[in-house]
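S.K.: Pasting entry_32.cif below, which is mmCIF, C-alpha atoms and all ligand atoms.
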data_target
#
loop_
_atom_site.label_atom_id
_atom_site.label_comp_id
_atom_site.auth_asym_id
_atom_site.auth_seq_id
_atom_site.Cartn_x
_atom_site.Cartn_y
_atom_site.Cartn_z
CA MET A 258 -5.05 55.53 57.52
CA ILE A 259 -3.67 54.10 54.29
CA GLU A 260 -3.48 56.35 51.27
CA ILE A 261 -2.60 54.94 47.89
CA ARG A 262 -1.88 57.42 45.12
CA GLU A 263 -1.36 56.56 41.47
CA LEU A 264 0.32 53.28 42.35
CA LYS A 265 1.83 51.45 39.38
CA LYS A 266 3.42 48.05 39.15
CA SER A 267 4.66 45.98 36.22
CA PHE A 268 5.86 42.40 35.93
CA GLN A 269 8.28 41.80 33.04
CA GLY A 270 7.09 44.90 31.23
CA LEU A 271 3.42 44.06 31.68
CA GLU A 272 1.58 46.69 33.69
CA VAL A 273 -0.56 44.99 36.33
CA LEU A 274 -1.44 48.04 38.45
CA LYS A 275 -2.16 51.03 36.24
CA GLY A 276 -2.34 53.93 38.65
CA ILE A 277 -4.42 52.90 41.65
CA SER A 278 -5.66 55.62 43.98
CA LEU A 279 -7.73 54.96 47.06
CA SER A 280 -7.76 55.69 50.75
CA ILE A 281 -8.63 53.43 53.63
CA GLN A 282 -9.80 55.13 56.81
CA ASP A 283 -8.98 54.02 60.34
CA GLY A 284 -11.52 51.61 61.77
CA GLU A 285 -12.99 50.64 58.42
CA ILE A 286 -13.54 47.25 56.89
CA TYR A 287 -12.51 47.99 53.32
CA GLY A 288 -13.11 45.56 50.48
CA ILE A 289 -11.18 45.16 47.25
CA ILE A 290 -13.18 43.14 44.75
CA GLY A 291 -12.88 42.22 41.08
CA GLN A 292 -12.30 39.47 38.55
CA SER A 293 -9.41 37.06 38.70
CA GLY A 294 -6.25 38.75 37.45
CA ALA A 295 -7.55 42.27 38.19
CA GLY A 296 -4.52 42.94 40.41
CA LYS A 297 -6.12 42.60 43.86
CA SER A 298 -3.42 40.44 45.45
CA THR A 299 -0.65 42.47 43.85
CA LEU A 300 -2.13 45.65 45.30
CA LEU A 301 -2.36 44.11 48.77
CA ARG A 302 1.23 42.86 48.54
CA CYS A 303 2.35 46.36 47.58
CA VAL A 304 0.48 47.81 50.56
CA ASN A 305 2.30 45.63 53.08
CA GLY A 306 5.65 45.85 51.34
CA LEU A 307 5.86 42.22 50.21
CA GLU A 308 6.07 43.61 46.70
CA ALA A 309 7.84 46.80 45.61
CA TYR A 310 5.77 49.16 43.48
CA ASP A 311 7.29 51.03 40.53
CA SER A 312 5.79 54.48 41.01
CA GLY A 313 3.15 56.35 42.95
CA ASP A 314 2.84 56.87 46.68
CA LEU A 315 1.91 54.70 49.60
CA ILE A 316 1.24 56.81 52.68
CA VAL A 317 0.49 55.18 56.01
CA ASP A 318 -0.56 57.54 58.80
CA GLY A 319 0.83 60.47 56.91
CA VAL A 320 4.26 58.91 56.36
CA ARG A 321 5.35 57.94 52.85
CA VAL A 322 6.60 54.37 52.77
CA ASP A 323 9.85 54.00 50.87
CA VAL A 324 9.91 50.44 49.60
CA ARG A 325 13.69 50.48 49.18
CA GLU A 326 14.31 51.33 52.79
CA LYS A 327 14.58 48.04 54.66
CA ALA A 328 14.07 49.38 58.19
CA SER A 329 10.88 51.31 57.48
CA LEU A 330 9.58 48.38 55.46
CA ARG A 331 10.07 46.03 58.38
CA GLU A 332 8.33 48.50 60.66
CA LEU A 333 5.43 48.68 58.19
CA GLN A 334 5.09 44.91 58.02
CA LYS A 335 4.97 44.69 61.79
CA ARG A 336 1.94 46.97 61.75
CA MET A 337 0.16 44.85 59.16
CA GLY A 338 -1.05 41.36 59.95
CA MET A 339 -1.92 39.27 56.94
CA ILE A 340 -3.96 36.14 56.26
CA PHE A 341 -4.29 34.10 53.08
CA GLN A 342 -6.59 31.57 51.43
CA SER A 343 -4.09 28.78 52.14
CA PHE A 344 -3.63 29.57 55.87
CA ASN A 345 0.17 28.99 55.64
CA LEU A 346 0.46 27.21 59.00
CA LEU A 347 3.53 25.17 59.91
CA GLU A 348 2.53 21.53 60.13
CA ARG A 349 5.20 20.57 62.67
CA LEU A 350 4.02 23.22 65.15
CA ASP A 351 0.86 23.11 67.25
CA VAL A 352 -1.72 25.91 67.47
CA TYR A 353 0.09 27.72 70.29
CA GLN A 354 3.45 27.56 68.54
CA ASN A 355 2.00 28.71 65.22
CA VAL A 356 0.44 31.74 66.88
CA ALA A 357 3.74 32.44 68.70
CA LEU A 358 5.83 32.32 65.53
CA PRO A 359 5.87 36.06 64.67
CA LEU A 360 7.06 36.84 68.21
CA LYS A 361 10.06 34.52 67.72
CA PHE A 362 10.71 36.11 64.36
CA TRP A 363 10.83 39.54 65.99
CA GLY A 364 13.10 38.33 68.79
CA ILE A 365 10.39 38.50 71.45
CA ASN A 366 10.44 35.64 73.96
CA PRO A 367 7.25 33.63 73.32
CA ARG A 368 7.53 32.04 76.77
CA SER A 369 7.49 35.22 78.83
CA PRO A 370 4.39 35.60 81.00
CA GLU A 371 3.29 38.56 78.90
CA SER A 372 3.65 36.64 75.63
CA ARG A 373 1.86 33.64 77.07
CA ARG A 374 -1.04 35.77 78.17
CA LYS A 375 -1.27 37.42 74.79
CA ILE A 376 -1.14 34.15 72.86
CA GLU A 377 -3.72 32.52 75.11
CA ASP A 378 -6.01 35.55 74.89
CA LEU A 379 -5.85 35.47 71.10
CA ILE A 380 -6.51 31.74 70.95
CA ARG A 381 -9.54 32.36 73.14
CA LEU A 382 -10.62 35.29 70.95
CA VAL A 383 -10.71 33.05 67.89
CA GLY A 384 -12.49 30.32 69.83
CA LEU A 385 -9.83 27.60 69.80
CA GLU A 386 -8.99 27.26 73.49
CA ASP A 387 -9.75 23.54 73.40
CA LYS A 388 -7.41 23.04 70.42
CA ILE A 389 -4.40 24.84 71.81
CA HIS A 390 -2.07 21.86 71.37
CA ALA A 391 -3.59 20.45 68.20
CA ARG A 392 -1.55 20.24 65.00
CA PRO A 393 -2.88 21.90 61.82
CA ARG A 394 -3.73 18.51 60.27
CA GLU A 395 -6.16 17.91 63.14
CA LEU A 396 -8.09 21.09 62.37
CA SER A 397 -10.85 21.94 59.90
CA GLY A 398 -10.33 24.65 57.28
CA GLY A 399 -12.24 27.19 59.34
CA GLN A 400 -10.21 26.36 62.45
CA LYS A 401 -6.96 26.68 60.51
CA GLN A 402 -7.99 30.13 59.36
CA ARG A 403 -8.75 31.03 62.98
CA VAL A 404 -5.21 30.04 63.93
CA ALA A 405 -3.88 32.18 61.07
CA ILE A 406 -5.97 35.11 62.31
CA ALA A 407 -4.63 34.77 65.86
CA ARG A 408 -1.09 34.59 64.48
CA ALA A 409 -1.69 37.71 62.37
CA LEU A 410 -2.76 39.61 65.51
CA VAL A 411 0.05 38.59 67.84
CA LEU A 412 2.22 41.63 67.11
CA ASP A 413 -0.70 44.00 67.83
CA PRO A 414 -1.06 45.20 64.25
CA GLN A 415 -2.98 48.30 63.32
CA PHE A 416 -4.18 46.73 60.07
CA LEU A 417 -5.29 43.24 59.14
CA LEU A 418 -4.98 42.41 55.45
CA CYS A 419 -6.95 39.41 54.19
CA ASP A 420 -6.33 37.89 50.76
CA GLU A 421 -9.22 35.57 49.82
CA ALA A 422 -9.34 34.49 53.46
CA THR A 423 -12.66 32.67 53.06
CA SER A 424 -12.44 31.52 49.45
CA ALA A 425 -11.56 27.95 50.40
CA LEU A 426 -14.29 27.65 53.02
CA ASP A 427 -17.93 26.64 52.70
CA PRO A 428 -20.66 29.28 53.23
CA GLU A 429 -21.49 28.45 56.86
CA ILE A 430 -17.83 28.46 57.92
CA THR A 431 -17.31 31.65 55.94
CA LYS A 432 -20.03 33.35 57.97
CA GLY A 433 -18.24 32.43 61.20
CA ILE A 434 -14.92 33.79 59.97
CA LEU A 435 -16.58 37.01 58.77
CA ALA A 436 -18.26 37.43 62.15
CA LEU A 437 -14.86 36.99 63.79
CA LEU A 438 -13.33 39.65 61.53
CA GLN A 439 -16.14 42.03 62.48
CA LYS A 440 -15.52 41.33 66.14
CA ILE A 441 -11.80 42.03 65.73
CA ASN A 442 -12.60 45.26 63.92
CA ARG A 443 -15.07 46.35 66.58
CA GLU A 444 -13.40 45.19 69.78
CA LEU A 445 -9.73 45.65 68.94
CA GLY A 446 -10.25 48.66 66.66
CA ILE A 447 -8.20 47.07 63.90
CA THR A 448 -8.67 48.39 60.37
CA ILE A 449 -9.34 45.49 58.01
CA VAL A 450 -8.72 45.25 54.27
CA VAL A 451 -10.29 42.26 52.54
CA VAL A 452 -9.43 41.19 49.03
CA THR A 453 -12.02 38.85 47.60
CA HIS A 454 -13.90 37.78 44.52
CA GLN A 455 -16.85 36.73 46.70
CA MET A 456 -19.67 39.20 46.69
CA GLU A 457 -21.09 37.66 49.87
CA VAL A 458 -18.02 38.75 51.78
CA VAL A 459 -18.25 42.41 50.90
CA LYS A 460 -22.01 42.43 51.37
CA GLN A 461 -21.71 41.07 54.87
CA ILE A 462 -18.86 43.06 56.33
CA CYS A 463 -17.46 45.88 54.19
CA ASN A 464 -18.18 49.54 54.88
CA ARG A 465 -16.64 50.59 51.59
CA ILE A 466 -15.26 48.81 48.58
CA ALA A 467 -13.20 49.38 45.48
CA PHE A 468 -14.02 47.41 42.36
CA LEU A 469 -10.79 46.66 40.54
CA SER A 470 -10.69 45.89 36.86
CA ASN A 471 -7.60 45.25 34.81
CA GLY A 472 -5.31 47.14 37.18
CA LYS A 473 -7.61 50.14 37.66
CA VAL A 474 -10.25 51.21 40.16
CA LEU A 475 -13.48 51.07 38.20
CA SER A 476 -15.66 52.24 41.05
CA GLU A 477 -15.40 53.00 44.75
CA GLY A 478 -18.11 53.43 47.34
CA LYS A 479 -20.49 51.70 49.70
CA PRO A 480 -21.20 48.13 48.60
CA GLU A 481 -24.93 48.80 48.40
CA GLU A 482 -24.34 51.70 46.00
CA LEU A 483 -22.16 49.61 43.74
CA PHE A 484 -24.23 46.48 43.81
CA VAL A 485 -27.79 47.65 43.83
CA MET A 486 -27.28 50.30 41.19
CA PRO A 487 -24.17 49.32 39.24
CA THR A 488 -23.39 51.98 36.69
CA GLN A 489 -20.64 50.21 34.79
CA GLU A 490 -21.37 47.39 32.42
CA GLU A 491 -18.48 45.35 33.79
CA ILE A 492 -19.83 45.48 37.32
CA ARG A 493 -23.26 44.45 36.04
CA GLN A 494 -21.65 41.50 34.31
CA PHE A 495 -19.63 40.61 37.39
CA LEU A 496 -22.87 40.49 39.34
CA ARG A 497 -24.50 38.49 36.52
CA ASP A 498 -27.28 40.98 36.43
CA GLY A 499 -29.43 38.93 34.07
CA SER A 500 -30.52 42.05 32.21
CA SER A 501 -29.81 40.28 28.94
CA LEU A 502 -32.76 37.97 29.59
CA LEU A 503 -35.29 40.80 29.65
CA PRO A 504 -38.17 40.92 27.17
CA LYS A 505 -37.36 42.56 23.83
CA SER A 506 -40.82 44.09 23.44
CA GLY A 507 -42.25 46.97 25.47
CA VAL A 508 -40.10 49.08 27.77
CA ASN A 509 -38.07 47.71 30.66
CA VAL A 510 -38.01 50.04 33.64
CA GLN A 511 -35.70 49.29 36.53
CA LEU A 512 -36.67 50.44 40.02
CA TYR A 513 -34.24 50.71 42.92
CA PHE A 514 -35.26 50.55 46.54
CA PHE A 515 -33.15 51.85 49.39
CA ASP A 516 -33.74 52.12 53.09
CA GLU A 517 -37.33 52.56 54.19
CA THR A 518 -38.76 52.40 50.67
CA SER A 519 -37.44 48.86 50.21
CA GLU A 520 -40.43 47.24 51.81
CA GLU A 521 -43.26 49.37 50.56
CA PRO A 522 -45.59 47.61 48.15
CA ILE A 523 -45.04 50.30 45.58
CA VAL A 524 -45.79 48.22 42.51
CA THR A 525 -49.22 47.05 43.63
CA GLU A 526 -49.99 50.57 44.76
CA MET A 527 -49.00 51.92 41.36
CA ALA A 528 -51.03 49.27 39.53
CA ARG A 529 -54.09 50.19 41.57
CA ARG A 530 -53.67 53.95 41.20
CA LEU A 531 -53.00 53.87 37.49
CA GLY A 532 -55.46 51.06 36.81
CA LYS A 533 -52.87 49.01 34.94
CA ASN A 534 -51.16 45.67 35.27
CA PHE A 535 -47.39 45.46 35.28
CA ASN A 536 -45.17 42.53 34.55
CA ILE A 537 -42.31 42.07 36.98
CA VAL A 538 -39.69 40.47 34.75
CA TRP A 539 -36.70 40.48 37.08
CA ALA A 540 -36.05 41.20 40.75
CA LYS A 541 -33.50 40.82 43.47
CA LEU A 542 -33.19 41.61 47.13
CA GLU A 543 -29.81 42.13 48.69
CA ASP A 544 -29.01 41.93 52.35
CA PHE A 545 -26.32 44.44 53.29
CA ARG A 546 -25.38 44.21 56.94
CA GLU A 547 -28.39 45.82 58.61
CA ASN A 548 -30.34 46.94 55.53
CA VAL A 549 -32.18 45.22 52.73
CA TYR A 550 -31.91 46.79 49.32
CA GLY A 551 -33.91 45.75 46.33
CA SER A 552 -34.26 46.23 42.66
CA LEU A 553 -36.81 45.08 40.14
CA VAL A 554 -37.56 45.45 36.45
CA LEU A 555 -41.06 46.10 35.15
CA ASN A 556 -41.97 45.50 31.53
CA ILE A 557 -44.48 48.16 30.53
CA GLN A 558 -46.14 49.58 27.42
CA GLU A 559 -44.35 52.39 25.61
CA ALA A 560 -47.49 54.52 26.09
CA ASP A 561 -47.34 54.14 29.89
CA VAL A 562 -43.75 55.28 30.44
CA GLN A 563 -44.60 58.88 31.23
CA GLU A 564 -47.35 58.08 33.68
CA VAL A 565 -45.27 55.43 35.44
CA GLY A 566 -42.26 57.74 35.60
CA ALA A 567 -44.34 60.51 37.14
CA PHE A 568 -45.75 58.14 39.76
CA LEU A 569 -42.28 56.85 40.69
CA ASP A 570 -40.87 60.37 40.91
CA GLN A 571 -43.72 61.41 43.20
CA ASN A 572 -42.90 58.49 45.44
CA HIS A 573 -39.16 59.21 45.38
CA ILE A 574 -38.23 55.90 43.81
CA HIS A 575 -35.01 55.78 41.80
CA TRP A 576 -35.72 54.42 38.33
CA GLU A 577 -34.33 54.22 34.83
CA VAL A 578 -35.39 52.97 31.45
CA LEU A 579 -33.06 50.14 30.43
CA PRO A 580 -31.54 50.28 26.96
N1 LIG B 1 5.08 37.54 40.52
C1 LIG B 1 4.46 37.74 39.35
N2 LIG B 1 5.11 37.65 38.18
C2 LIG B 1 4.50 37.88 37.00
N3 LIG B 1 3.19 38.19 36.89
C3 LIG B 1 2.48 38.28 38.01
C4 LIG B 1 3.06 38.05 39.30
N4 LIG B 1 2.09 38.22 40.23
C5 LIG B 1 0.96 38.53 39.57
N5 LIG B 1 1.18 38.57 38.24
C6 LIG B 1 0.17 38.90 37.21
O1 LIG B 1 -0.48 40.08 37.59
C7 LIG B 1 -1.87 40.04 37.29
C8 LIG B 1 -2.66 40.34 38.53
O2 LIG B 1 -2.48 39.27 39.44
P1 LIG B 1 -3.11 39.25 40.89
O3 LIG B 1 -2.66 38.00 41.56
O4 LIG B 1 -2.83 40.53 41.56
O5 LIG B 1 -4.66 39.16 40.53
P2 LIG B 1 -5.91 38.93 41.48
O6 LIG B 1 -6.85 40.04 41.21
O7 LIG B 1 -5.45 38.74 42.87
O8 LIG B 1 -6.52 37.58 40.91
P3 LIG B 1 -7.20 36.33 41.69
O9 LIG B 1 -8.61 36.74 41.96
O10 LIG B 1 -7.12 35.23 40.70
O11 LIG B 1 -6.40 36.06 42.92
C9 LIG B 1 -2.12 38.67 36.68
O12 LIG B 1 -2.17 38.81 35.29
C10 LIG B 1 -0.92 37.87 37.12
O13 LIG B 1 -0.62 36.88 36.16
MG MG B 2 -5.49 37.17 44.22
#
Kindly present the structure from the file in structure tokens form.
Ligand SMILES: Nc1ncnc2c1ncn2[C@@H]1O[C@H](COP(=O)(O)OP(=O)(O)OP(=O)(O)O)[C@@H](O)[C@H]1O
Ligand SMILES: [Mg+2]
M.R.:
Amino acid sequence: MIEIRELKKSFQGLEVLKGISLSIQDGEIYGIIGQSGAGKSTLLRCVNGLEAYDSGDLIVDGVRVDVREKASLRELQKRMGMIFQSFNLLERLDVYQNVALPLKFWGINPRSPESRRKIEDLIRLVGLEDKIHARPRELSGGQKQRVAIARALVLDPQFLLCDEATSALDPEITKGILALLQKINRELGITIVVVTHQMEVVKQICNRIAFLSNGKVLSEGKPEELFVMPTQEEIRQFLRDGSSLLPKSGVNVQLYFFDETSEEPIVTEMARRLGKNFNIVWAKLEDFRENVYGSLVLNIQEADVQEVGAFLDQNHIHWEVLP
């Protein structure tokens, strides 16, 4: 488990992390999302010791990591595999040798039978057994990221940190990489932290997320909670909620659907029961892992608000009148 408490970090007097607190549980896929410049990469680099933080605490499995202590820092880094947007493969080495690199770095013989087995198993895990002697330039972007993932796992890390790992890939390839990350999480029990500005990524794989804004955690929770019913204006904007395009006349009422209510034809039912017609002026459906969540905005007459509200309450639908 990774616990971050009041972490602060400045660059040349400019505070980039302004007291970040969050905790990442074992076995989770945890997402860190937010606008460019929010501090996501800096936070991740602090977590794996690539960057020293100024104040606060970083506690991994109950032990406080002292960033000035070289030995414990090295030990920390060994337990954290990391992958990046740019893959960072060595062009002069083939797939096998790239995956083997961290072993060499740690003074472990990459040619021992045990190492060989491990490297080959990982290359098979990421689905590149037929590319084992290919050079990076002979691989697609998605394949390169698979090599980087195998390399990040070769020291048996407890955590896998991903910084915009799919940002350079097209949507289909991204899906494959995300499925691979889920498999690694499930089958190897590795805790995964993904930093991304892509909403698709967190929707597809994250159990919990933190929304970072300007060096602070604006919101933390399940992705469906944050995305379907965003409470902060900045998160609404980030999701391009489209609320600004709503009609200026009448009253706009937003309905939120979770779980089993998401598929019930509640609006037609309400129209029939109340003998009124409603204008649906905005709607979206979001696919979160196994569940579909939805939200829609009805434009109704001022005089109907009470009746509509009562009907929605009776049917246990979350709703609010938009300003
Ligand atoms: N080494 C550095 N020296 C000076 N400033 C830095 C350094 N690294 C990051 N910053 C600044 O810190 C802020 C946060 O940067 P960071 O890379 O963490 O953002 P990010 O959320 O990862 O953004 P992006 O989505 O664009 O990757 C930015 O304003 C950036 O300019
Ligand atoms: Mg970044």
S.K.: Choose the residue, out of A:Ala540, A:Leu396, A:Val320, A:Ile286, that has the smallest atom-to-atom separation from A:Phe416; count only C-alpha atoms.
M.R.: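 Among the listed residues, the smallest separation from A:Phe416 belongs to A:Ile286.
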S.K.: Residues within 6 Å of ligand LIG 1 (chain B) should be enumerated using all atoms listed in the file and returned as number ranges by chain.
M.R.: A: 268, 273, 292-299, 454
S.K.: Go ahead and find all residues with at least one atom no further than 8 Å from (-48.2, 44.2, 33.4) in the file's coordinates, using all atoms listed in the file; report them as a ChimeraX atom specification.
M.R.: /A:533-537,555-557
S.K.: Using only C-alpha atoms, which protein or nucleic acid residues come within 10 Å of stretch 459-462 of chain A? Drop anything in the same chain fewer than 4 positions from it, and give the result as an mmCIF file with C-alpha atoms, keeping the file's coordinate frame.
M.R.:
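Produced file out_28.cif, reproduced below:
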data_model
loop_
_atom_site.group_PDB
_atom_site.id
_atom_site.type_symbol
_atom_site.label_atom_id
_atom_site.label_comp_id
_atom_site.auth_asym_id
_atom_site.auth_seq_id
_atom_site.Cartn_x
_atom_site.Cartn_y
_atom_site.Cartn_z
ATOM 1 C CA GLU A 285 -12.990 50.640 58.420
ATOM 2 C CA ILE A 286 -13.540 47.250 56.890
ATOM 3 C CA TYR A 287 -12.510 47.990 53.320
ATOM 4 C CA GLY A 288 -13.110 45.560 50.480
ATOM 5 C CA ILE A 289 -11.180 45.160 47.250
ATOM 6 C CA ILE A 290 -13.180 43.140 44.750
ATOM 7 C CA LYS A 432 -20.030 33.350 57.970
ATOM 8 C CA LEU A 435 -16.580 37.010 58.770
ATOM 9 C CA ALA A 436 -18.260 37.430 62.150
ATOM 10 C CA LEU A 438 -13.330 39.650 61.530
ATOM 11 C CA GLN A 439 -16.140 42.030 62.480
ATOM 12 C CA ILE A 449 -9.340 45.490 58.010
ATOM 13 C CA VAL A 451 -10.290 42.260 52.540
ATOM 14 C CA VAL A 452 -9.430 41.190 49.030
ATOM 15 C CA THR A 453 -12.020 38.850 47.600
ATOM 16 C CA HIS A 454 -13.900 37.780 44.520
ATOM 17 C CA GLN A 455 -16.850 36.730 46.700
ATOM 18 C CA ILE A 466 -15.260 48.810 48.580
ATOM 19 C CA LYS A 479 -20.490 51.700 49.700
ATOM 20 C CA PRO A 480 -21.200 48.130 48.600
ATOM 21 C CA GLU A 481 -24.930 48.800 48.400
ATOM 22 C CA PHE A 484 -24.230 46.480 43.810
ATOM 23 C CA GLU A 543 -29.810 42.130 48.690
ATOM 24 C CA ASP A 544 -29.010 41.930 52.350
ATOM 25 C CA PHE A 545 -26.320 44.440 53.290
ATOM 26 C CA ARG A 546 -25.380 44.210 56.940
ATOM 27 C CA GLU A 547 -28.390 45.820 58.610
#
S.K.: Taking only C-alpha atoms and all ligand atoms into account, name the residue in A:Ser397, A:Ser372, A:Gln342, A:Asn509 that is nearest to ligand MG 2 (chain B).
M.R.: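 The closest residue to ligand MG 2 (chain B) is A:Gln342.
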S.K.: Have a look at A:Val510, A:Leu301, A:Val524, A:Val411 and name the one nearest to ligand MG 2 (chain B); count only C-alpha atoms and all ligand atoms.
M.R.: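 The closest residue to ligand MG 2 (chain B) is A:Leu301.
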S.K.: For A:Leu437, find every residue with an atom within 8 Å (counting all atoms listed in the file), except residues of its own chain fewer than 4 positions away, and show them as a JSON list (two decimals) with C-alpha atoms, in the frame of the given file.
M.R.:
[["chain", "number", "residue", "atom", "x", "y", "z"],
["A", 383, "VAL", "CA", -10.71, 33.05, 67.89],
["A", 433, "GLY", "CA", -18.24, 32.43, 61.20],
["A", 441, "ILE", "CA", -11.80, 42.03, 65.73]]
S.K.: Point out the residue among A:Leu300, A:Leu410, A:Leu330, A:Leu512 with the least atom-to-atom distance to ligand MG 2 (chain B), counting all atoms listed in the file.
M.R.: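 Ranked by minimum distance to ligand MG 2 (chain B), first place goes to A:Leu300.
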S.K.: Quick one: distance from atom CA of A:Ile261 to atom CA of A:Ser278 in Å, one decimal?
M.R.: 5.0 Å
S.K.: Rounded to one decimal in Å, what is the spacing between atom CA of A:Arg529 and atom CA of A:Glu564?
M.R.: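 Interatomic distance, atom CA of A:Arg529 to atom CA of A:Glu564: 13.0 Å.
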S.K.: Enter the distance from atom CA of A:Thr423 to atom CA of A:Asn345, in Å, rounded to one decimal.
M.R.: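 Computing it gives 13.6 Å between the two atoms.
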S.K.: As a compact mmCIF listing (two decimals), in the frame of the given file, please: stretch 363-379 of chain A completed to N, CA and C atoms.
M.R.:
# COMPACT_ATOMS: atom_id res chain seq x y z
N TRP A 363 10.47 38.17 65.60
CA TRP A 363 10.83 39.54 65.99
C TRP A 363 11.71 39.56 67.25
N GLY A 364 12.19 38.39 67.66
CA GLY A 364 13.10 38.33 68.79
C GLY A 364 12.44 38.57 70.14
N ILE A 365 11.10 38.33 70.17
CA ILE A 365 10.39 38.50 71.45
C ILE A 365 10.21 37.10 72.05
N ASN A 366 10.53 36.96 73.33
CA ASN A 366 10.44 35.64 73.96
C ASN A 366 8.98 35.17 74.04
N PRO A 367 8.65 34.09 73.31
CA PRO A 367 7.25 33.63 73.32
C PRO A 367 6.86 32.95 74.64
N ARG A 368 7.84 32.73 75.51
CA ARG A 368 7.53 32.04 76.77
C ARG A 368 7.40 33.00 77.96
N SER A 369 7.64 34.27 77.72
CA SER A 369 7.49 35.22 78.83
C SER A 369 6.03 35.25 79.25
N PRO A 370 5.78 35.59 80.53
CA PRO A 370 4.39 35.60 81.00
C PRO A 370 3.51 36.51 80.14
N GLU A 371 4.07 37.63 79.71
CA GLU A 371 3.29 38.56 78.90
C GLU A 371 2.92 37.93 77.55
N SER A 372 3.92 37.30 76.92
CA SER A 372 3.65 36.64 75.63
C SER A 372 2.62 35.53 75.79
N ARG A 373 2.80 34.74 76.82
CA ARG A 373 1.86 33.64 77.07
C ARG A 373 0.43 34.15 77.18
N ARG A 374 0.30 35.22 77.97
CA ARG A 374 -1.04 35.77 78.17
C ARG A 374 -1.63 36.23 76.84
N LYS A 375 -0.79 36.91 76.07
CA LYS A 375 -1.27 37.42 74.79
C LYS A 375 -1.69 36.29 73.85
N ILE A 376 -0.84 35.27 73.77
CA ILE A 376 -1.14 34.15 72.86
C ILE A 376 -2.42 33.44 73.31
N GLU A 377 -2.52 33.22 74.61
CA GLU A 377 -3.72 32.52 75.11
C GLU A 377 -4.98 33.37 74.90
N ASP A 378 -4.86 34.66 75.12
CA ASP A 378 -6.01 35.55 74.89
C ASP A 378 -6.47 35.48 73.43
N LEU A 379 -5.50 35.49 72.53
CA LEU A 379 -5.85 35.47 71.10
C LEU A 379 -6.48 34.14 70.72
